[in-house]
$ cat final07.tsv   # TSV, C-alpha atoms and all ligand atoms
chain	number	residue	atom	x	y	z
E	1	MET	CA	-25.16	-0.32	61.32
E	2	GLU	CA	-22.91	1.86	63.43
E	3	LEU	CA	-19.18	2.35	63.58
E	4	ILE	CA	-17.74	2.09	67.06
E	5	ILE	CA	-14.29	3.55	67.63
E	6	ARG	CA	-12.57	2.93	70.95
E	7	GLY	CA	-9.39	4.37	72.38
E	8	LEU	CA	-7.71	5.17	69.09
E	9	SER	CA	-4.27	6.75	69.43
E	10	LYS	CA	-1.60	7.64	66.91
E	11	THR	CA	1.79	9.28	67.26
E	12	TYR	CA	3.79	9.98	64.09
E	13	PRO	CA	7.52	9.21	63.98
E	14	ASN	CA	8.25	12.94	64.35
E	15	GLY	CA	6.60	12.85	67.77
E	16	VAL	CA	3.31	14.57	66.85
E	17	GLN	CA	0.46	12.88	68.69
E	18	ALA	CA	-2.29	13.22	66.10
E	19	LEU	CA	-4.94	11.09	67.87
E	20	LYS	CA	-5.34	10.84	71.63
E	21	ASN	CA	-7.57	8.07	72.83
E	22	VAL	CA	-10.37	8.82	70.36
E	23	THR	CA	-13.64	7.11	71.31
E	24	LEU	CA	-16.69	7.70	69.13
E	25	THR	CA	-19.91	5.97	68.17
E	26	ILE	CA	-20.90	6.89	64.65
E	27	PRO	CA	-24.45	5.95	63.65
E	28	SER	CA	-25.58	5.53	60.05
E	29	GLY	CA	-26.39	8.68	58.09
E	30	MET	CA	-24.22	11.75	57.78
E	31	PHE	CA	-21.79	12.28	60.62
E	32	GLY	CA	-19.86	15.55	60.79
E	33	LEU	CA	-16.32	15.48	62.12
E	34	LEU	CA	-15.62	19.15	62.74
E	35	GLY	CA	-12.25	20.57	63.70
E	36	PRO	CA	-9.63	23.13	62.72
E	37	ASN	CA	-6.63	22.36	60.55
E	38	GLY	CA	-4.27	20.03	62.32
E	39	ALA	CA	-7.00	18.64	64.61
E	40	GLY	CA	-6.36	15.06	63.50
E	41	LYS	CA	-9.30	14.61	61.14
E	42	SER	CA	-7.30	13.24	58.23
E	43	SER	CA	-5.31	11.01	60.54
E	44	LEU	CA	-8.57	9.49	61.77
E	45	MET	CA	-10.01	9.21	58.26
E	46	ARG	CA	-6.87	7.57	56.88
E	47	THR	CA	-6.83	5.12	59.77
E	48	LEU	CA	-10.46	4.11	59.19
E	49	ALA	CA	-9.77	3.86	55.46
E	50	THR	CA	-6.97	1.32	56.32
E	51	LEU	CA	-4.29	3.54	54.79
E	52	GLN	CA	-2.35	3.88	58.01
E	53	ASP	CA	-2.14	1.99	61.27
E	54	ALA	CA	-3.09	3.27	64.70
E	55	ASP	CA	-0.80	2.63	67.68
E	56	SER	CA	-3.70	1.37	69.78
E	57	GLY	CA	-7.45	1.19	69.87
E	58	SER	CA	-10.15	-0.53	67.88
E	59	ALA	CA	-12.87	0.18	65.36
E	60	GLN	CA	-15.79	-2.13	64.73
E	61	MET	CA	-18.65	-1.93	62.24
E	62	GLY	CA	-21.10	-4.75	62.73
E	63	THR	CA	-18.92	-7.85	62.60
E	64	LEU	CA	-16.17	-6.06	60.69
E	65	ASP	CA	-12.89	-5.39	62.52
E	66	VAL	CA	-12.07	-2.16	60.71
E	67	LEU	CA	-8.44	-1.83	61.80
E	68	ASN	CA	-7.40	-5.39	61.11
E	69	ASP	CA	-9.56	-6.76	58.31
E	70	LYS	CA	-8.23	-4.45	55.63
E	71	ASP	CA	-9.58	-6.41	52.68
E	72	GLY	CA	-12.98	-6.60	54.34
E	73	VAL	CA	-13.00	-2.84	54.88
E	74	ARG	CA	-11.90	-2.07	51.34
E	75	ARG	CA	-14.82	-4.07	49.96
E	76	GLN	CA	-17.25	-1.91	51.95
E	77	LEU	CA	-15.47	1.43	51.78
E	78	GLY	CA	-15.93	4.52	49.62
E	79	TYR	CA	-13.23	7.10	50.24
E	80	LEU	CA	-12.72	10.61	48.97
E	81	PRO	CA	-9.33	11.70	50.30
E	82	GLN	CA	-8.40	15.29	50.95
E	83	ASP	CA	-5.89	15.33	48.14
E	84	PHE	CA	-7.90	13.47	45.54
E	85	GLY	CA	-5.84	13.58	42.36
E	86	VAL	CA	-7.12	12.76	38.90
E	87	TYR	CA	-5.43	12.04	35.63
E	88	PRO	CA	-5.96	15.36	33.83
E	89	LYS	CA	-6.02	13.99	30.30
E	90	VAL	CA	-8.47	11.18	30.91
E	91	SER	CA	-12.22	11.66	30.52
E	92	ALA	CA	-14.60	11.30	33.45
E	93	LEU	CA	-16.21	8.30	31.78
E	94	ASP	CA	-12.92	6.49	31.19
E	95	LEU	CA	-11.51	7.12	34.66
E	96	LEU	CA	-14.72	6.12	36.43
E	97	THR	CA	-14.85	2.97	34.30
E	98	HIS	CA	-11.26	2.25	35.29
E	99	PHE	CA	-12.07	2.71	39.01
E	100	ALA	CA	-15.08	0.44	38.55
E	101	GLU	CA	-12.82	-2.28	37.16
E	102	LEU	CA	-10.49	-1.88	40.12
E	103	LYS	CA	-13.50	-2.24	42.43
E	104	GLY	CA	-14.10	-5.62	40.86
E	105	LEU	CA	-17.09	-4.76	38.68
E	106	ASN	CA	-16.14	-7.27	36.01
E	107	ASN	CA	-19.38	-7.62	34.13
E	108	LYS	CA	-19.21	-5.08	31.32
E	109	THR	CA	-22.93	-4.39	30.91
E	110	GLU	CA	-23.44	-4.04	34.63
E	111	ARG	CA	-20.36	-1.86	34.95
E	112	GLN	CA	-21.54	0.48	32.20
E	113	GLU	CA	-24.93	0.80	33.82
E	114	ILE	CA	-23.43	1.64	37.21
E	115	VAL	CA	-20.93	4.11	35.78
E	116	MET	CA	-23.59	5.91	33.73
E	117	GLY	CA	-25.91	5.97	36.75
E	118	LEU	CA	-23.25	7.55	38.95
E	119	LEU	CA	-22.35	10.12	36.30
E	120	ARG	CA	-26.02	11.12	36.17
E	121	GLN	CA	-26.33	11.16	39.97
E	122	THR	CA	-23.35	13.50	40.27
E	123	ASN	CA	-24.51	15.72	37.40
E	124	LEU	CA	-21.52	14.89	35.25
E	125	PHE	CA	-23.26	12.93	32.53
E	126	ASN	CA	-23.17	15.81	30.05
E	127	VAL	CA	-19.43	16.29	30.54
E	128	ARG	CA	-18.52	12.62	30.66
E	129	PHE	CA	-16.28	12.81	27.57
E	130	LYS	CA	-14.46	15.88	28.86
E	131	ALA	CA	-10.92	15.55	30.24
E	132	LEU	CA	-10.83	15.84	34.03
E	133	GLY	CA	-8.07	18.45	33.79
E	134	GLY	CA	-10.70	20.91	32.51
E	135	PHE	CA	-13.09	20.31	35.42
E	136	SER	CA	-13.83	22.97	38.02
E	137	GLY	CA	-13.12	22.22	41.67
E	138	GLY	CA	-16.77	21.41	42.26
E	139	MET	CA	-16.93	19.05	39.28
E	140	ARG	CA	-13.78	17.29	40.44
E	141	GLN	CA	-15.24	16.79	43.92
E	142	ARG	CA	-18.47	15.45	42.44
E	143	PHE	CA	-16.39	13.04	40.40
E	144	GLY	CA	-14.68	12.11	43.67
E	145	ILE	CA	-18.07	11.23	45.12
E	146	ALA	CA	-18.96	9.19	42.04
E	147	GLN	CA	-15.85	7.03	42.51
E	148	ALA	CA	-16.49	6.78	46.26
E	149	LEU	CA	-20.00	5.44	45.61
E	150	LEU	CA	-18.81	2.63	43.33
E	151	GLY	CA	-19.65	-0.82	44.63
E	152	ASN	CA	-22.37	0.28	47.09
E	153	PRO	CA	-20.12	0.98	50.08
E	154	LYS	CA	-21.47	0.70	53.63
E	155	LEU	CA	-18.88	3.13	54.94
E	156	ILE	CA	-18.20	6.37	53.11
E	157	ILE	CA	-15.45	8.72	54.19
E	158	VAL	CA	-15.13	12.18	52.68
E	159	ASP	CA	-12.23	14.24	53.94
E	160	GLU	CA	-12.64	18.04	53.73
E	161	PRO	CA	-14.55	17.81	50.46
E	162	THR	CA	-15.88	21.38	50.36
E	163	ALA	CA	-12.64	23.26	51.05
E	164	GLY	CA	-12.06	25.61	48.15
E	165	LEU	CA	-15.51	25.27	46.58
E	166	ASP	CA	-17.41	28.45	45.79
E	167	PRO	CA	-20.82	28.90	47.50
E	168	GLU	CA	-22.84	27.59	44.56
E	169	GLU	CA	-20.66	24.52	44.12
E	170	ARG	CA	-20.84	23.91	47.87
E	171	VAL	CA	-24.65	23.85	47.79
E	172	ARG	CA	-24.59	21.45	44.85
E	173	PHE	CA	-22.14	19.24	46.66
E	174	HIS	CA	-24.25	19.33	49.84
E	175	ASN	CA	-27.31	18.23	47.88
E	176	LEU	CA	-25.36	15.35	46.43
E	177	LEU	CA	-24.20	14.20	49.87
E	178	ALA	CA	-27.70	14.62	51.32
E	179	ASP	CA	-28.98	12.07	48.79
E	180	ILE	CA	-26.68	9.27	49.93
E	181	GLY	CA	-28.70	6.59	51.69
E	182	GLU	CA	-29.39	6.82	55.39
E	183	GLU	CA	-28.41	3.20	55.96
E	184	VAL	CA	-24.81	3.99	55.09
E	185	VAL	CA	-22.30	5.43	57.57
E	186	VAL	CA	-21.04	8.66	55.98
E	187	ILE	CA	-18.24	10.51	57.77
E	188	LEU	CA	-17.71	14.04	56.56
E	189	SER	CA	-14.63	15.73	57.92
E	190	THR	CA	-14.56	19.49	57.66
E	191	HIS	CA	-13.44	22.74	59.27
E	192	ILE	CA	-16.51	24.50	57.88
E	193	VAL	CA	-19.31	24.70	60.43
E	194	SER	CA	-22.09	25.08	57.86
E	195	ASP	CA	-21.13	21.75	56.23
E	196	VAL	CA	-22.18	20.15	59.49
E	197	SER	CA	-25.19	22.32	60.31
E	198	ASP	CA	-26.56	21.88	56.78
E	199	LEU	CA	-26.08	18.14	56.51
E	200	CYS	CA	-25.35	16.20	59.65
E	201	PRO	CA	-27.83	14.89	62.25
E	202	ASN	CA	-24.86	13.78	64.37
E	203	MET	CA	-21.42	15.22	64.89
E	204	ALA	CA	-18.24	15.45	66.90
E	205	ILE	CA	-15.87	18.33	67.49
E	206	ILE	CA	-12.22	17.36	67.49
E	207	ASN	CA	-9.16	19.44	68.32
E	208	LYS	CA	-5.51	18.56	68.94
E	209	GLY	CA	-6.26	14.88	68.51
E	210	GLU	CA	-9.03	14.81	71.10
E	211	VAL	CA	-12.78	14.51	70.80
E	212	LEU	CA	-14.17	17.51	72.69
E	213	LEU	CA	-17.89	17.10	72.12
E	214	THR	CA	-20.20	14.70	70.42
E	215	GLY	CA	-23.94	14.82	69.88
E	216	GLN	CA	-26.63	16.36	67.72
E	217	PRO	CA	-25.91	19.84	66.39
E	218	ASP	CA	-29.22	21.28	67.64
E	219	GLU	CA	-28.76	19.88	71.11
E	220	LEU	CA	-25.13	21.01	71.36
E	221	THR	CA	-26.15	24.48	70.22
E	222	HIS	CA	-29.06	24.65	72.64
E	223	ARG	CA	-26.71	24.12	75.58
E	224	LEU	CA	-25.44	27.67	75.06
E	225	LYS	CA	-28.89	29.25	75.16
E	226	ASP	CA	-28.89	32.63	76.98
E	227	ARG	CA	-25.11	32.56	77.26
E	228	ILE	CA	-23.91	34.10	74.00
E	229	TRP	CA	-23.56	37.87	73.95
E	230	ALA	CA	-22.56	40.04	71.01
E	231	ALA	CA	-21.15	43.53	70.66
E	232	SER	CA	-19.68	45.61	67.87
E	233	VAL	CA	-16.29	47.05	68.67
E	234	ALA	CA	-13.79	49.17	66.80
E	235	ARG	CA	-10.69	47.39	65.67
E	236	HIS	CA	-8.44	49.04	68.24
E	237	GLU	CA	-10.76	47.87	71.02
E	238	ILE	CA	-10.50	44.16	70.20
E	239	ASP	CA	-7.44	43.36	72.28
E	240	ASP	CA	-8.89	45.17	75.25
E	241	ALA	CA	-12.19	43.30	74.91
E	242	LYS	CA	-10.34	39.99	74.79
E	243	LYS	CA	-8.63	40.84	78.06
E	244	LYS	CA	-11.88	41.81	79.74
E	245	TYR	CA	-14.31	39.19	78.44
E	246	PRO	CA	-14.29	35.52	77.44
E	247	VAL	CA	-14.40	36.26	73.71
E	248	ILE	CA	-15.03	33.13	71.65
E	249	SER	CA	-14.97	34.68	68.19
E	250	THR	CA	-14.38	37.89	66.30
E	251	ARG	CA	-15.87	38.50	62.91
E	252	LEU	CA	-15.80	41.48	60.58
E	253	MET	CA	-19.28	42.69	59.65
E	254	SER	CA	-19.76	45.75	57.46
E	255	GLY	CA	-16.31	46.96	58.41
E	256	LYS	CA	-16.92	46.67	62.14
E	257	THR	CA	-15.81	43.82	64.33
E	258	ARG	CA	-18.54	41.79	65.91
E	259	ILE	CA	-17.39	39.87	68.96
E	260	HIS	CA	-19.16	36.96	70.62
E	261	VAL	CA	-18.66	36.45	74.32
E	262	ILE	CA	-19.73	33.49	76.40
E	263	SER	CA	-21.16	34.47	79.76
E	264	GLN	CA	-23.72	33.48	82.33
E	265	GLY	CA	-25.60	36.80	82.53
E	266	SER	CA	-24.84	39.99	80.62
E	267	PRO	CA	-21.14	40.85	80.53
E	268	GLY	CA	-21.90	44.59	80.16
E	269	SER	CA	-24.22	47.24	78.75
E	270	MET	CA	-22.61	47.22	75.32
E	271	PHE	CA	-23.65	43.59	74.79
E	272	GLU	CA	-26.86	42.13	73.50
E	273	ALA	CA	-28.03	38.56	73.94
E	274	VAL	CA	-28.02	36.53	70.71
E	275	GLU	CA	-29.32	33.08	69.84
E	276	PRO	CA	-26.44	30.63	69.90
E	277	THR	CA	-25.42	28.95	66.67
E	278	LEU	CA	-23.35	25.86	66.04
E	279	GLU	CA	-20.48	28.18	65.25
E	280	ASP	CA	-20.63	29.51	68.83
E	281	THR	CA	-20.56	25.97	70.16
E	282	TYR	CA	-17.61	25.15	67.94
E	283	PHE	CA	-15.55	28.20	68.91
E	284	ALA	CA	-16.46	27.82	72.57
E	285	ALA	CA	-15.27	24.20	72.49
E	286	ILE	CA	-12.00	24.77	70.67
E	287	GLY	CA	-11.39	27.99	72.63
E	288	GLY	CA	-11.25	26.07	75.88
E	289	HIS	CA	-14.76	26.82	77.17
E	290	LEU	CA	-15.78	23.21	77.20
E	291	ASN	CA	-17.00	23.42	80.77
E	292	ALA	CA	-19.40	26.14	79.74
E	293	VAL	CA	-20.79	23.96	76.97
E	294	ASN	CA	-20.98	20.86	79.12
E	295	GLN	CA	-22.07	22.21	82.47
E	296	GLY	CA	-24.34	25.09	81.57
E	297	ASP	CA	-25.36	26.77	84.80
E	298	ALA	CA	-22.24	25.94	86.76
E	299	TYR	CA	-20.20	28.11	84.44
E	300	SER	CA	-18.78	31.54	85.08
E	301	GLY	CA	-16.72	32.93	82.25
E	302	VAL	CA	-13.04	33.66	82.69
E	303	ALA	CA	-11.16	35.47	79.99
E	304	SER	CA	-8.31	33.48	78.57
E	305	ALA	CA	-5.65	34.26	76.04
E	306	THR	CA	-6.50	31.16	74.02
E	307	ALA	CA	-10.21	31.75	74.08
E	308	ASP	CA	-10.70	33.48	70.79
E	309	ALA	CA	-10.87	32.39	67.23
E	310	VAL	CA	-11.14	34.36	64.06
E	311	VAL	CA	-14.12	33.40	61.96
E	312	SER	CA	-12.91	32.94	58.45
E	313	ASN	CA	-15.51	31.26	56.31
P	1	LIG	P1	-6.49	17.65	60.03
P	1	LIG	O1	-6.91	16.68	58.98
P	1	LIG	O2	-7.53	17.85	61.08
P	1	LIG	O3	-5.99	18.95	59.46
P	1	LIG	P2	-4.18	15.91	60.39
P	1	LIG	O4	-4.66	14.57	60.79
P	1	LIG	O5	-3.81	16.12	58.95
P	1	LIG	O6	-5.26	17.00	60.84
P	1	LIG	O7	-2.93	16.32	61.26
P	1	LIG	C1	-2.91	16.18	62.69
P	1	LIG	C2	-1.50	16.49	63.18
P	1	LIG	O8	-0.62	15.46	62.75
P	1	LIG	C3	-0.95	17.79	62.64
P	1	LIG	O9	-0.14	18.35	63.65
P	1	LIG	C4	-0.10	17.35	61.47
P	1	LIG	O10	0.95	18.25	61.23
P	1	LIG	C5	0.41	15.99	61.94
P	1	LIG	N1	0.63	15.04	60.83
P	1	LIG	C6	-0.28	14.63	59.92
P	1	LIG	N2	0.22	13.70	59.10
P	1	LIG	C7	1.51	13.51	59.50
P	1	LIG	C8	2.58	12.67	59.05
P	1	LIG	N3	2.43	11.81	58.04
P	1	LIG	N4	3.75	12.73	59.72
P	1	LIG	C9	3.90	13.59	60.75
P	1	LIG	N5	2.96	14.40	61.23
P	1	LIG	C10	1.75	14.37	60.61

$ encode --input "final07.tsv" --output "structure tokens"
Amino acid sequence: MELIIRGLSKTYPNGVQALKNVTLTIPSGMFGLLGPNGAGKSSLMRTLATLQDADSGSAQMGTLDVLNDKDGVRRQLGYLPQDFGVYPKVSALDLLTHFAELKGLNNKTERQEIVMGLLRQTNLFNVRFKALGGFSGGMRQRFGIAQALLGNPKLIIVDEPTAGLDPEERVRFHNLLADIGEEVVVILSTHIVSDVSDLCPNMAIINKGEVLLTGQPDELTHRLKDRIWAASVARHEIDDAKKKYPVISTRLMSGKTRIHVISQGSPGSMFEAVEPTLEDTYFAAIGGHLNAVNQGDAYSGVASATADAVVSN
């Protein structure tokens, strides 16, 4: 089953247009919605989770009218919001049991079985009697997944679930997400490129409320083949380099700054060609080099003041 979103727009009362005519087809399996803070990811997630209304547009999953049939959606939805709060004094077992009751799992034996199964699946079985207030960030997020999986949802939405997790917890969390069935539509919103490259066979890049690119990570990355060039520059040379070249990212490496430039042909002798990564695609897209990503050969790079991003993960 796929989720088809058409022409979704949303302007908040303060005038911020958070979604601009968003059209997306989201197949089953993990789908990465990648974009910087403020891109509109949460606005889209909350709309699909029926927590807020769009101004216009539609979303359809099979026969389900996602924007209008709120009860229908809630029966099929698992949602881990960005600001998932827990009751700190309650144990994982008790709170998950409580959520299971709210989900309508009324049969006690069945409910216990499901709750225990989910606690095992999320590696929380051994700490099930522990108060949630004592959980690490990673444990709390795994608990968030456990509650999202209650009731066998067909649509699972996880909003920025890895922000703030340490590398080990992130890997654990990735493994947990990777085990969710392929028949389910799982939308993972994130600003962390590796969340998408590690997990998602399909993805979209969103910025300022607009979908910039959609496709398979490998294919989107391949479009930049032979067009990403890297050089190490001293810190005081960065501004100059940005004026001269279409810099898409700057990253500190061993105390030096490594810049990536997008260019058809070598931009200069100090540069070496590097294999593109999804990160290059992402920064090229949000830096305004969408033509380069989309049109390949037709592109000739032009430096632009908005064309850089600082890599910070
Ligand atoms: P993301 O999840 O990608 O960080 P959001 O959907 O949270 O993006 O935000 C998109 C834009 O909408 C931002 O400019 C944000 O400040 C604004 N925004 C989000 N929620 C509200 C709200 N309830 N009222 C007004 N503006 C909002």

$ residues_near_ligand --input "final07.tsv" --ligand "ligand LIG 1 (chain P)" --cutoff "7 Å" --atoms "only C-alpha atoms and all ligand atoms" --output "mmCIF file with C-alpha atoms, in the frame of the given file"
data_model
loop_
_atom_site.group_PDB
_atom_site.id
_atom_site.type_symbol
_atom_site.label_atom_id
_atom_site.label_comp_id
_atom_site.auth_asym_id
_atom_site.auth_seq_id
_atom_site.Cartn_x
_atom_site.Cartn_y
_atom_site.Cartn_z
ATOM 1 C CA TYR E 12 3.790 9.980 64.090
ATOM 2 C CA PRO E 13 7.520 9.210 63.980
ATOM 3 C CA ASN E 14 8.250 12.940 64.350
ATOM 4 C CA VAL E 16 3.310 14.570 66.850
ATOM 5 C CA GLN E 17 0.460 12.880 68.690
ATOM 6 C CA ALA E 18 -2.290 13.220 66.100
ATOM 7 C CA GLY E 35 -12.250 20.570 63.700
ATOM 8 C CA PRO E 36 -9.630 23.130 62.720
ATOM 9 C CA ASN E 37 -6.630 22.360 60.550
ATOM 10 C CA GLY E 38 -4.270 20.030 62.320
ATOM 11 C CA ALA E 39 -7.000 18.640 64.610
ATOM 12 C CA GLY E 40 -6.360 15.060 63.500
ATOM 13 C CA LYS E 41 -9.300 14.610 61.140
ATOM 14 C CA SER E 42 -7.300 13.240 58.230
ATOM 15 C CA SER E 43 -5.310 11.010 60.540
ATOM 16 C CA LEU E 44 -8.570 9.490 61.770
ATOM 17 C CA GLY E 209 -6.260 14.880 68.510
#

$ atom_distance --input "final07.tsv" --atom1 "atom CA of Val233 of chain E" --atom2 "atom CA of Val193 of chain E"
24.0 Å

$ atom_distance --input "final07.tsv" --atom1 "atom CA of Gly15 of chain E" --atom2 "atom CA of Pro81 of chain E"
23.7 Å

$ atom_distance --input "final07.tsv" --atom1 "atom CA of Met1 of chain E" --atom2 "atom CA of Val293 of chain E"
29.2 Å

$ closest_residue --input "final07.tsv" --among "E:Asn291, E:Thr190, E:Asn123, E:Thr277" --to "Ile145 of chain E" --atoms "all atoms listed in the file"
E:Asn123

$ closest_residue --input "final07.tsv" --among "E:Met61, E:Leu176, E:Val196, E:Ala231" --to "Met30 of chain E" --atoms "all atoms listed in the file"
E:Val196

$ closest_residue --input "final07.tsv" --among "E:Leu150, E:Leu34, E:Asp55, E:Tyr282" --to "Cys200 of chain E" --atoms "all atoms listed in the file"
E:Leu34

$ closest_residue --input "final07.tsv" --among "E:Pro167, E:Gly287, E:Gly268, E:Pro27" --to "Glu2 of chain E" --atoms "only C-alpha atoms"
E:Pro27

$ decode --input "final07.tsv" --residues "segment 187-237 of chain E" --atoms "C-alpha atoms" --output "JSON list (two decimals), in the first residue's frame"
[["chain", "number", "residue", "atom", "x", "y", "z"],
["E", 187, "ILE", "CA", 7.95, 7.81, 7.33],
["E", 188, "LEU", "CA", 11.12, 8.86, 9.09],
["E", 189, "SER", "CA", 11.67, 12.58, 9.27],
["E", 190, "THR", "CA", 15.19, 13.68, 10.01],
["E", 191, "HIS", "CA", 17.86, 16.31, 9.40],
["E", 192, "ILE", "CA", 20.57, 13.65, 9.69],
["E", 193, "VAL", "CA", 21.66, 12.36, 6.30],
["E", 194, "SER", "CA", 22.97, 9.03, 7.60],
["E", 195, "ASP", "CA", 19.53, 8.16, 9.03],
["E", 196, "VAL", "CA", 18.33, 8.11, 5.45],
["E", 197, "SER", "CA", 21.37, 6.53, 3.80],
["E", 198, "ASP", "CA", 21.45, 3.77, 6.42],
["E", 199, "LEU", "CA", 17.77, 2.92, 6.38],
["E", 200, "CYS", "CA", 15.66, 4.24, 3.56],
["E", 201, "PRO", "CA", 15.23, 2.78, 0.05],
["E", 202, "ASN", "CA", 13.17, 5.86, -0.86],
["E", 203, "MET", "CA", 13.37, 9.46, 0.20],
["E", 204, "ALA", "CA", 12.50, 13.08, -0.36],
["E", 205, "ILE", "CA", 14.43, 16.25, 0.40],
["E", 206, "ILE", "CA", 12.30, 19.09, 1.70],
["E", 207, "ASN", "CA", 13.23, 22.69, 2.41],
["E", 208, "LYS", "CA", 11.17, 25.80, 3.16],
["E", 209, "GLY", "CA", 7.96, 23.85, 2.79],
["E", 210, "GLU", "CA", 8.79, 22.52, -0.66],
["E", 211, "VAL", "CA", 9.75, 19.09, -1.90],
["E", 212, "LEU", "CA", 13.03, 19.60, -3.78],
["E", 213, "LEU", "CA", 13.89, 16.05, -4.77],
["E", 214, "THR", "CA", 12.41, 12.63, -4.43],
["E", 215, "GLY", "CA", 13.77, 9.23, -5.38],
["E", 216, "GLN", "CA", 16.14, 6.51, -4.28],
["E", 217, "PRO", "CA", 19.21, 7.66, -2.33],
["E", 218, "ASP", "CA", 21.65, 5.77, -4.60],
["E", 219, "GLU", "CA", 20.14, 7.17, -7.75],
["E", 220, "LEU", "CA", 19.99, 10.73, -6.41],
["E", 221, "THR", "CA", 23.62, 10.45, -5.33],
["E", 222, "HIS", "CA", 24.72, 9.00, -8.66],
["E", 223, "ARG", "CA", 23.41, 12.07, -10.48],
["E", 224, "LEU", "CA", 26.33, 14.03, -9.06],
["E", 225, "LYS", "CA", 28.97, 11.61, -10.30],
["E", 226, "ASP", "CA", 32.14, 13.40, -11.52],
["E", 227, "ARG", "CA", 30.81, 16.73, -10.31],
["E", 228, "ILE", "CA", 31.90, 16.89, -6.68],
["E", 229, "TRP", "CA", 35.34, 18.34, -6.00],
["E", 230, "ALA", "CA", 37.08, 18.65, -2.66],
["E", 231, "ALA", "CA", 39.91, 20.79, -1.34],
["E", 232, "SER", "CA", 41.41, 21.54, 2.05],
["E", 233, "VAL", "CA", 41.63, 25.22, 2.83],
["E", 234, "ALA", "CA", 42.81, 27.25, 5.78],
["E", 235, "ARG", "CA", 40.12, 28.89, 7.79],
["E", 236, "HIS", "CA", 40.89, 32.39, 6.54],
["E", 237, "GLU", "CA", 40.53, 31.19, 2.95]]
